[in-house]
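As structure tokens, the structure follows; a few thoughts come after it.
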Amino acid sequence: MELPGEVTAWSVTRHDVIRELAADRRVSRDPRQHWPALESVPQDWSLNVWVRVVSAFTSYGADHRRLRNLISTAFTPRRTEALRPLVQTLVDRLITELKETAPGESVDLRARFAYVIPTEVICDLFGVPADMRSWMRRVIDAALNTGAGPEQAAADYGDLFGCMAALIAAKRAEPGEDMTSDLIAARDGEAKLDEEQLVSTLILMIGAGSETAVNLISHAAIALVTHPEQLALVRAGEIGWDAVIEETLRRDAPIMHMPLRYAVEDIDLGDVVIKKGDAILLAFGAAGRDPAVHGDSACEFDATRESMDHLAFGHGVHFCLGAPLGRMEADIALRALFGAFPDLALAVPESELVPQASFIAHGYQQLPVILRPAEVAAAV
């Protein structure tokens with residue numbers, strides 16, 4: 001297939017092949033070592049932020065293990081669980097604010113709820129100062145716009161690095177108990193994290209650490225309001241919130257594609273040979289809808305199905321470190337949302353929801369809903 005910038009890559013959509021390649025040591029994420037075409041890719045390419053950065057996200061072998069070990073401390077079970085009170089307090093505040101909406105008025109649930117939760121949590125985790133957060137949100141959103149033209153892509157790329165550099169400068173001046181300060185200590189200590197790796201790691205962690213949960217919460221809410229019979233099963237205790245979350249991850253993975261990977265050597269898949277140096281784009285979002293795994297109902301939302309096998313958080317050595325945090329955020333958010341607004345409804349037909357301008361993120365630009373607080377519903 002052809003990506004922006006006339007770059008070609010193999011698109012992989014079958015569950016078994018995605019799983020195989022994601023765990024294959026013959027597949028790399030380091031373009032500097034294993035993608036000769038990188039030399040001909042322009043500096044204003046819209047995917048530069050996903051390919052040219054130097055982090056655990058774009059490393060291979062020993063370099064990947066070293067860089068991943070540095071960031072893994074941000075998402076240990078203990079550190080993740082320690083964030084639960086923060087998430088709960090934030091969700092409670094947002095629910096209170098939503099209850100102030102005038103009866104019958106449409107509200108953008110993405111902007112007012114789903115987007116705020118993971119964005120604020122990841123900013124707290126990385127110690128982003130309050131006066132920098134609007135800038136941080138802007139540059140991360142821009143990085144997901146895979147349709148940006150060369151001029152806009154170059155400007156967004158520079159703005160993104162400028163934002164991360166400003167964060168680093170702020171935390172060097174006033175270190176705190178946050179992940180950015182920890183990474184700076186590693187940069188200035190014995191871990192040999194250079195400045196480019198430091199900036200790139202922040203881009204990876206702050207960007208990927210927020211968008212996934214935004215779309216997970218949004219898609220789960222949509223699934224439940226459009227499948228009231230399954231919401232009723234949740235309320236009756238016959239379906240757990242964990243099943244809703246896993247089925248949402250399966251059918252509507254928050255990240256559709258995660259560019260790019262590269263063949264370290266020729267890879268014979270039987271019906272096709274991926275040549276050494278070829279770029280590979282794994283469609284993690286397609287894996288959960290593979291009829292070979294989930295049958296004819298693969299595209300249907302069914303939180304009672306026996307198997308919800310998916311690859312929404314990746315697979316192999318690049319499996320998402322933030323998966324437990326994303327699941328926790330979704331669980332707290334959904335329980336509170338449907339507890340407060342039991343008759344939540346879309347304000348427009350589902351078919352009119354506008355997708356994000358991205359083939360990386362799988363979400364919508366807005367999520368207009370009509371709220372109906374529990375006390376109002378009970379009084380009717």
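Labels for the structure tokens follow display order: chains A, B, ..., residues from 1 in each chain, ligands from 1.
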
So which bits of stretch 242-289 of chain A end up strand (DSSP E or B) when you DSSP the backbone, as a PyMOL selection string? chain A and resi 255+261-263+267-268+273-274+279-282

Using only C-alpha atoms, what table do you get, as a tab-separated table, when you list each residue of stretch 97-137 of chain A with an atom no more than 9 Å from stretch 359-366 of chain A, its nearest pair of atoms, and their distance in Å rounded to one decimal, rows by chain then rising number?
```
residue	atom	partner	partner_atom	distance
A:Asp108	CA	A:Gln366	CA	5.9
A:Leu109	CA	A:Gln366	CA	7.4
A:Arg110	CA	A:Gln366	CA	5.8
A:Ala111	CA	A:Gln366	CA	7.0
```

What does the file look like for those residues with C-alpha atoms, as a CSV table (one decimal), in the first residue's frame?
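Saved as out-v6.csv:
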```csv
chain,number,residue,atom,x,y,z
A,108,ASP,CA,-19.3,16.6,23.3
A,109,LEU,CA,-18.5,13.6,25.6
A,110,ARG,CA,-15.1,13.2,23.9
A,111,ALA,CA,-13.9,16.8,24.6
```

Extract, using only C-alpha atoms, all DNA, RNA and protein residues at most 7 Å from stretch 339-347 of chain A, discarding same-chain residues fewer than 5 positions from it, and format them as a ChimeraX atom specification. /A:106,225,368-374

Can I get the selection written as an mmCIF file, in the first residue's frame, with C-alpha atoms?
```cif
data_model
loop_
_atom_site.group_PDB
_atom_site.id
_atom_site.type_symbol
_atom_site.label_atom_id
_atom_site.label_comp_id
_atom_site.auth_asym_id
_atom_site.auth_seq_id
_atom_site.Cartn_x
_atom_site.Cartn_y
_atom_site.Cartn_z
ATOM 1 C CA SER A 106 -26.019 18.227 23.471
ATOM 2 C CA VAL A 225 -25.733 3.291 24.127
ATOM 3 C CA PRO A 368 -22.198 14.508 20.832
ATOM 4 C CA VAL A 369 -24.522 12.994 23.427
ATOM 5 C CA ILE A 370 -27.638 13.888 25.411
ATOM 6 C CA LEU A 371 -27.168 13.454 29.148
ATOM 7 C CA ARG A 372 -29.895 12.406 31.551
ATOM 8 C CA PRO A 373 -28.808 12.306 35.195
ATOM 9 C CA ALA A 374 -29.905 9.333 37.294
#
```

How close does each residue of stretch 141-260 of chain A get to stretch 318-338 of chain A, giving the shortest atom pair and distance in Å to one decimal for every residue with an atom at most 9 Å away, counting only C-alpha atoms, sorted by chain and residue number, as a Markdown table?
```
| residue | atom | partner | partner_atom | distance |
| --- | --- | --- | --- | --- |
| A:Met205 | CA | A:Gly322 | CA | 8.7 |
| A:Ala208 | CA | A:Gly322 | CA | 8.5 |
| A:Gly209 | CA | A:Gly322 | CA | 6.4 |
| A:Ser210 | CA | A:Gly326 | CA | 8.3 |
| A:Thr212 | CA | A:Gly326 | CA | 7.1 |
| A:Ala213 | CA | A:Gly326 | CA | 5.1 |
| A:Val214 | CA | A:Ala330 | CA | 8.6 |
| A:Leu216 | CA | A:Ala330 | CA | 6.8 |
| A:Ile217 | CA | A:Ala330 | CA | 5.4 |
| A:Ala220 | CA | A:Leu334 | CA | 7.9 |
| A:Ala221 | CA | A:Leu334 | CA | 7.2 |
| A:Trp241 | CA | A:Asp331 | CA | 6.4 |
| A:Asp242 | CA | A:Asp331 | CA | 7.2 |
| A:Ile245 | CA | A:Arg327 | CA | 7.2 |
| A:Glu246 | CA | A:Arg327 | CA | 8.7 |
```

Between A:Ile95, A:Ala153, A:Val107, A:Val17, which one has atoms that come closest to A:Pro4, using only C-alpha atoms? A:Ala153

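The smallest atom-to-atom distance between A:Gly61 and any of A:Ser28, A:Thr80, A:Gln197, A:Ser181, using only C-alpha atoms, is found for A:Ser28.
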